[in-house]
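A short write-up of the structure that comes next.
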Amino acid sequence: MADVSTVWVIPDMRGDWVMAGASLQSGDDLKTAVLISLFSDRLALPSDETPDGDRRGWWGDDPLYPIGSRLWLLDRVKGPLDVPQRAQDYAQEALQWMIDDGVVATFDISAQWISPNRLDLTVIANRADGRTVAMNFPQVWTR
């Protein structure tokens, strides 16, 4: 049985579920796992700058297997030149569990400036059987 699909709602910058008739839409398990992994707030490292001291995270995280990413930390920066590299690093960290668990063989992750105030993220999941699944996430960072 397929999981309930989570879809990315670009104008609201959030994931949501959608109806398929009288039921929730199902399928796209890989895309749902990527969305949850990228856009749930992972606990910040003690060395991460958090202006208000809130390290976020999920209260149920297992210290060995944290959920989510640290992409949320980019919301607080003004746009230094390292934002694309940080976005790629945070995304790789968040998705590594799928490589470790054999869900995918590798990920190709690219963060690209679209304008001086907008960064988009592209994630390509490379499966062991040679198939690829490309996902685009517009406006991962805006200022």
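In the structure tokens, each chain is lettered A, B, ... as it comes, each chain's residues begin at 1, and ligands are numbered from 1 in order of appearance.
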Practice problem: Apply DSSP to the structure's backbone, then extract all residues of chain A labelled alpha helix (DSSP H) and return them as a ChimeraX atom specification. | Solution: /A:29-39,83-100
Could you write out the selected residues, including C-alpha atoms, as a short mmCIF file (atom, residue, chain, number, x, y, z; two decimals), in the first residue's frame?
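Once everything was written out, this is again08.cif:
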data_model
loop_
_atom_site.label_atom_id
_atom_site.label_comp_id
_atom_site.auth_asym_id
_atom_site.auth_seq_id
_atom_site.Cartn_x
_atom_site.Cartn_y
_atom_site.Cartn_z
CA ASP A 29 6.66 7.82 -1.73
CA LEU A 30 10.17 8.97 -2.72
CA LYS A 31 9.08 12.56 -3.31
CA THR A 32 7.20 12.58 0.00
CA ALA A 33 10.29 11.27 1.82
CA VAL A 34 12.43 13.96 0.18
CA LEU A 35 9.96 16.72 1.11
CA ILE A 36 9.78 15.62 4.74
CA SER A 37 13.54 15.23 4.89
CA LEU A 38 14.25 18.66 3.41
CA PHE A 39 11.53 20.80 4.95
CA VAL A 83 24.07 30.34 0.82
CA PRO A 84 23.98 28.00 -2.24
CA GLN A 85 26.74 25.80 -0.84
CA ARG A 86 25.12 25.71 2.59
CA ALA A 87 21.77 24.79 1.01
CA GLN A 88 23.42 21.91 -0.90
CA ASP A 89 25.26 20.73 2.22
CA TYR A 90 22.11 20.84 4.38
CA ALA A 91 20.12 18.99 1.70
CA GLN A 92 22.79 16.29 1.36
CA GLU A 93 22.86 15.85 5.13
CA ALA A 94 19.05 15.56 5.27
CA LEU A 95 18.84 13.02 2.45
CA GLN A 96 21.82 10.86 3.42
CA TRP A 97 19.57 8.40 5.29
CA MET A 98 18.01 7.33 1.99
CA ILE A 99 21.42 6.42 0.61
CA ASP A 100 22.35 4.63 3.85
#
Quiz prompt | Non-local contacts of Trp141 in chain A (10 Å; only C-alpha atoms; under 2 positions in same chain excluded) as a list in words | solution =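 With the cut-off at 10 Å, the set is Met13, Leu71, Trp72, Leu74, Asp75, Arg76, Val77, Gly79, Val83, Pro84, Ala87, Ala111, Trp113, Asn117, Arg118, Leu119, Asp120, Leu121, Phe137, Pro138, Gln139 and Arg143 of chain A.
The list of residues with at least one atom within 10 Å of Arg14 in chain A, based on only C-alpha atoms and without residues fewer than 4 positions apart in the same chain, reads Thr6, Val7, Trp8, Val9, Ile10, Leu35, Phe39 and Ser40 of chain A.
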Selected residues written out, N, CA and C atoms, as a PDB file, in the first residue's frame:
ATOM      1  N   THR A   6       2.739  13.759  -0.039  1.00  0.00           N
ATOM      2  CA  THR A   6       2.902  15.148   0.363  1.00  0.00           C
ATOM      3  C   THR A   6       3.344  15.908  -0.879  1.00  0.00           C
ATOM      4  N   VAL A   7       2.694  17.022  -1.169  1.00  0.00           N
ATOM      5  CA  VAL A   7       3.040  17.843  -2.326  1.00  0.00           C
ATOM      6  C   VAL A   7       3.531  19.201  -1.838  1.00  0.00           C
ATOM      7  N   TRP A   8       4.383  19.824  -2.616  1.00  0.00           N
ATOM      8  CA  TRP A   8       4.956  21.119  -2.254  1.00  0.00           C
ATOM      9  C   TRP A   8       4.070  22.218  -2.802  1.00  0.00           C
ATOM     10  N   VAL A   9       3.597  23.113  -1.926  1.00  0.00           N
ATOM     11  CA  VAL A   9       2.743  24.241  -2.302  1.00  0.00           C
ATOM     12  C   VAL A   9       3.645  25.477  -2.380  1.00  0.00           C
ATOM     13  N   ILE A  10       4.028  25.845  -3.601  1.00  0.00           N
ATOM     14  CA  ILE A  10       5.035  26.893  -3.805  1.00  0.00           C
ATOM     15  C   ILE A  10       4.630  28.232  -3.202  1.00  0.00           C
ATOM     16  N   LEU A  35      10.584  15.506   0.553  1.00  0.00           N
ATOM     17  CA  LEU A  35       9.960  16.719   1.108  1.00  0.00           C
ATOM     18  C   LEU A  35      10.057  16.766   2.633  1.00  0.00           C
ATOM     19  N   PHE A  39      12.257  19.646   4.421  1.00  0.00           N
ATOM     20  CA  PHE A  39      11.529  20.798   4.945  1.00  0.00           C
ATOM     21  C   PHE A  39      10.958  20.624   6.341  1.00  0.00           C
ATOM     22  N   SER A  40      11.336  19.557   7.027  1.00  0.00           N
ATOM     23  CA  SER A  40      11.103  19.471   8.470  1.00  0.00           C
ATOM     24  C   SER A  40      12.343  20.048   9.143  1.00  0.00           C
TER      25      SER A  40
END
